[in-house]
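Asker: Here it is, the structure, as structure tokens.
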Amino acid sequence: MTSIPEFMTTKHRECDEFFIAAENAVADNNWSLAKQTFSQFSEELELHLQAEETILFPEFEQATGITQGPTQVMRGEHQQMRALVADLLQALGTDDKEAYIGASETLMVLMQQHNMKEEMMLYPMTQQRVPAPEALLASVVEHCQTPVSS
Amino acid sequence: MNIANLSFSALPPISVPFRYFISAAIFLILTGFLILFSGEAVWLSRWHPTMLAITHLFTLGFISMVMMGAIYQFLPVIGGVGIANVRMVATISHALHTIGTLALSWSFIVPNTVISVIAMLTLGVGFTLYVCAVANVLIKKLSQGQTIIGMRLAMLSLVVVVTFGILFLAQKNLMPIELGAISDKNFTDIHALLGGFGWAGVLILAASLQIIPMFHVTPSFPKLLAKYMPAALIALLSLLFVFKPSSTNGQVVITLVLVMYSIFNLTFLKLFKQRKRKVVDTSIQFWQFAGISFIALTCLHFLPDTWFLELFAGNKALLISGMFIYFFLVSIIEAMLLKITPFLTYTHLQTLCLSNFTAMAHLPHMHELLLKKHGRWLFYLHLCSCSTLISTLAFTQLYQLFALTMLAEFSWLLFLILRCLHLYKQSLAKINNCV
């Protein structure tokens, strides 16, 4: 049976794949492919962020009693990522390669250091601390398979 | 896993890492001037007093300086816990480290007991404060990643290296303290080998286990390498206390260390080849250059001493250590600076925008904070100074050429860091006006 850290880490890698596909398409000036893969990336990312904010983090907070600590920082970083996704979308709209690559480099580094904190600490702790990790995982999996609702 | 101390928000003030990065670039500009005016004789032996000063300006003034500054930033990300009283610790330990490095280098060139004692005290107290502050975080039950384990081993090496350094200074200046065997040149070699392959090498290895797959989106390092290589390297280096570096067994140990590092270098070169991102990244070129250089220096190590007689005046040790410091360590540190400097600036500014999203319009992206072409020029300048270093090691009369190319490279690096800081201040003012 997959654990919370394994599932969420796999989701991070899937997001990376879409992100790179979009960036590579921009690097090749293939804007239609870039728009298509970017849309997959932003949808996958939003599902992931929502799963954390509405399911995973509240469970962690309830199990540990910590509401103003790591999860608050993670929520703040999610907002930063969403702002960069909006910048990327704007660059895609105007076929602005330089603006896109500048923002994508920034988002990539921000996303990776964010993922590092989650994969190395937050997810393993959630798995250890929540009373029913299997049920929590099932909710997260279900959420990640539903279409994005903003 | 202990979550009581967990604080992902423990980002140190931007002035903390930046003071280290700026000082590091200034130290190598000073080193460039020192080389320029020190004459040709310096290049004849690694034991020449000015060469010892130059070596320590590189190892303490640049390599350790940047790594110490980066650790303040890296710990909260990989361990979830920042250093307590970070501003105070950074202010005192950075000031003492700077004074100590200058005093030590000065005391090599112009032997003076007072200056040596100042070096001993400032470096001793500065390192003690820094190591205690970092150890206070590392001893906590953090995430159990291999990077944290590697960092612990690197810090352990640093403690031994600094202790040896302080003992050497004490023995030289506080006679009649009798330290017996410590005066043996083999201990100086252990000090150097542990500094290069233990403190700097293992820290780079441990950090790269995280940094390379994540920031460059490559596959992960093989599990066996990640799990066992840092500990195996430290175990091998510890054997040098049993087998003197000059003995046959000691030479076998050194060879094994070089072979293990070559495996690490070959592995990351392979990982970069498997990288999926197509966007050209200068920091990867620095990494690749470092990796290839390390394999080259290992090959040189296997050549018989006689081979070096004609081309490098028999100075094999100086050639290999020069390549290790300048081609390998300095290249990797510049690769990291190209990533860390703009990202730190960006992340500090963006945190300020969280409460006011309209301010995000004033937020520069990483490529605006450090232009890609500026990073490329740094790489070309580095290639240039590396070629003049090799030429100087072969034909010592070319030392001024090396000094000039080095001055160009590190003045440029200083400009890039200061430009980033200037843009930070400019954007900060705009964001504050918005708020």
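Residue numbering restarts at 1 in every chain; chains get A, B, ... in the order shown in the structure tokens, and ligands count up from 1 in that same order.
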Might you pull out every residue within 9 Å of Tyr326 (chain B), with only C-alpha atoms counted and same-chain residues fewer than 5 positions away left off, and present them as JSON, numbers by chain?
Answerer: {"B": [58, 321, 331, 386, 389]}
Asker: Applying 9 Å and only C-alpha atoms, which residues near Phe327 (chain B) remain after dropping the ones on its own chain fewer than 5 positions away? List them as a list in words.
Answerer: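 Residues meeting the cut-off are Phe289, Ala290, Gly291, Ser293, Phe294, Gly322, Ile332, His382, Leu383 and Cys386 of chain B.
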Asker: As number ranges by chain, please: the residues near region 236-246 of chain B (cut-off 12 Å, only C-alpha atoms, same-chain neighbours under 2 positions excluded).
Answerer: B: 153-154, 156-157, 160-161, 181-182, 184-199, 201-202, 228-234, 248-261, 317
Asker: Would you write out, as a Markdown table, a table of all residues in chain A that have an atom no more than 7 Å from an atom of chain B, listing for each the closest atom pair and the distance in Å to one decimal, considering only C-alpha atoms and ordering rows by chain and rising residue number?
Answerer:
| residue | atom | partner | partner_atom | distance |
| --- | --- | --- | --- | --- |
| A:Ile20 | CA | B:Arg277 | CA | 5.8 |
| A:Asn24 | CA | B:Lys278 | CA | 5.5 |
| A:Ala27 | CA | B:Val279 | CA | 6.5 |
| A:Gly69 | CA | B:Ser7 | CA | 6.1 |
| A:Pro70 | CA | B:Phe8 | CA | 5.4 |
| A:Val73 | CA | B:Ser9 | CA | 6.0 |
| A:Gly76 | CA | B:Leu354 | CA | 6.9 |
| A:Gly102 | CA | B:His367 | CA | 5.0 |
| A:Ala103 | CA | B:His365 | CA | 5.8 |
| A:Glu105 | CA | B:Met366 | CA | 6.9 |
| A:Thr106 | CA | B:Met366 | CA | 5.5 |
| A:Val109 | CA | B:Phe215 | CA | 5.9 |
| A:Gln112 | CA | B:Met214 | CA | 5.7 |
| A:Gln113 | CA | B:Val77 | CA | 6.7 |
| A:Met116 | CA | B:Ile78 | CA | 6.8 |
| A:Lys117 | CA | B:Val77 | CA | 5.9 |
| A:Met120 | CA | B:Ser143 | CA | 5.9 |
| A:Met121 | CA | B:Ser143 | CA | 5.8 |
Asker: Those selected residues, please, written with N, CA, C and O atoms and delivered as an mmCIF file, in the first residue's frame.
Answerer:
data_model
loop_
_atom_site.group_PDB
_atom_site.id
_atom_site.type_symbol
_atom_site.label_atom_id
_atom_site.label_comp_id
_atom_site.auth_asym_id
_atom_site.auth_seq_id
_atom_site.Cartn_x
_atom_site.Cartn_y
_atom_site.Cartn_z
ATOM 1 N N ILE A 20 8.348 20.860 -16.971
ATOM 2 C CA ILE A 20 9.505 20.802 -17.871
ATOM 3 C C ILE A 20 9.054 20.723 -19.333
ATOM 4 O O ILE A 20 9.637 21.364 -20.208
ATOM 5 N N ASN A 24 10.310 23.345 -21.947
ATOM 6 C CA ASN A 24 11.050 22.903 -23.138
ATOM 7 C C ASN A 24 10.359 23.357 -24.430
ATOM 8 O O ASN A 24 11.027 23.736 -25.396
ATOM 9 N N ALA A 27 11.200 26.879 -24.879
ATOM 10 C CA ALA A 27 12.598 26.984 -25.334
ATOM 11 C C ALA A 27 12.693 26.706 -26.835
ATOM 12 O O ALA A 27 13.516 27.293 -27.539
ATOM 13 N N GLY A 69 2.481 26.930 12.534
ATOM 14 C CA GLY A 69 3.864 26.579 12.212
ATOM 15 C C GLY A 69 4.087 26.255 10.751
ATOM 16 O O GLY A 69 3.762 27.054 9.857
ATOM 17 N N PRO A 70 4.608 25.064 10.485
ATOM 18 C CA PRO A 70 5.003 24.677 9.127
ATOM 19 C C PRO A 70 3.880 24.808 8.092
ATOM 20 O O PRO A 70 4.126 25.253 6.974
ATOM 21 N N VAL A 73 3.470 28.297 6.815
ATOM 22 C CA VAL A 73 4.540 28.666 5.874
ATOM 23 C C VAL A 73 4.270 28.033 4.511
ATOM 24 O O VAL A 73 4.403 28.673 3.459
ATOM 25 N N GLY A 76 1.629 29.902 2.684
ATOM 26 C CA GLY A 76 2.189 31.150 2.142
ATOM 27 C C GLY A 76 2.953 30.884 0.846
ATOM 28 O O GLY A 76 2.818 31.625 -0.135
ATOM 29 N N GLY A 102 12.323 33.470 -17.365
ATOM 30 C CA GLY A 102 12.696 34.120 -16.092
ATOM 31 C C GLY A 102 11.775 33.674 -14.972
ATOM 32 O O GLY A 102 12.222 33.290 -13.887
ATOM 33 N N ALA A 103 10.466 33.677 -15.240
ATOM 34 C CA ALA A 103 9.502 33.283 -14.203
ATOM 35 C C ALA A 103 9.562 31.781 -13.941
ATOM 36 O O ALA A 103 9.407 31.330 -12.804
ATOM 37 N N GLU A 105 12.153 29.774 -14.169
ATOM 38 C CA GLU A 105 13.336 29.458 -13.354
ATOM 39 C C GLU A 105 13.031 29.751 -11.884
ATOM 40 O O GLU A 105 13.360 28.967 -10.992
ATOM 41 N N THR A 106 12.380 30.888 -11.647
ATOM 42 C CA THR A 106 12.054 31.278 -10.275
ATOM 43 C C THR A 106 11.068 30.282 -9.660
ATOM 44 O O THR A 106 11.263 29.829 -8.524
ATOM 45 N N VAL A 109 12.808 26.870 -8.773
ATOM 46 C CA VAL A 109 13.602 26.859 -7.534
ATOM 47 C C VAL A 109 12.677 26.941 -6.317
ATOM 48 O O VAL A 109 12.870 26.221 -5.336
ATOM 49 N N GLN A 112 10.929 23.598 -5.848
ATOM 50 C CA GLN A 112 11.797 22.503 -5.407
ATOM 51 C C GLN A 112 12.179 22.630 -3.944
ATOM 52 O O GLN A 112 12.222 21.634 -3.221
ATOM 53 N N GLN A 113 12.468 23.865 -3.492
ATOM 54 C CA GLN A 113 12.818 23.976 -2.067
ATOM 55 C C GLN A 113 11.573 23.764 -1.198
ATOM 56 O O GLN A 113 11.661 23.233 -0.098
ATOM 57 N N MET A 116 11.113 20.003 -1.083
ATOM 58 C CA MET A 116 12.129 19.395 -0.224
ATOM 59 C C MET A 116 11.648 19.389 1.231
ATOM 60 O O MET A 116 11.763 18.402 1.942
ATOM 61 N N LYS A 117 11.085 20.526 1.667
ATOM 62 C CA LYS A 117 10.606 20.626 3.050
ATOM 63 C C LYS A 117 9.437 19.657 3.279
ATOM 64 O O LYS A 117 9.366 18.994 4.297
ATOM 65 N N MET A 120 10.790 15.841 2.973
ATOM 66 C CA MET A 120 11.714 15.397 4.011
ATOM 67 C C MET A 120 11.100 15.472 5.406
ATOM 68 O O MET A 120 11.541 14.774 6.306
ATOM 69 N N MET A 121 10.121 16.370 5.595
ATOM 70 C CA MET A 121 9.606 16.537 6.960
ATOM 71 C C MET A 121 8.092 16.424 7.095
ATOM 72 O O MET A 121 7.590 15.625 7.858
#
Asker: With only C-alpha atoms as the basis for distance, which of A:Ala63, A:Ala83, A:Met108, A:Leu56 is at the shortest distance from Phe18 (chain A)?
Answerer: A:Met108
Asker: Calculated over only C-alpha atoms, which of the candidates A:Ser32, A:Ile55, A:Leu88, A:Ser42 has the smallest distance to Ala138 (chain A)?
Answerer: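 Of the candidates, the smallest distance to Ala138 (chain A) is held by A:Ile55.
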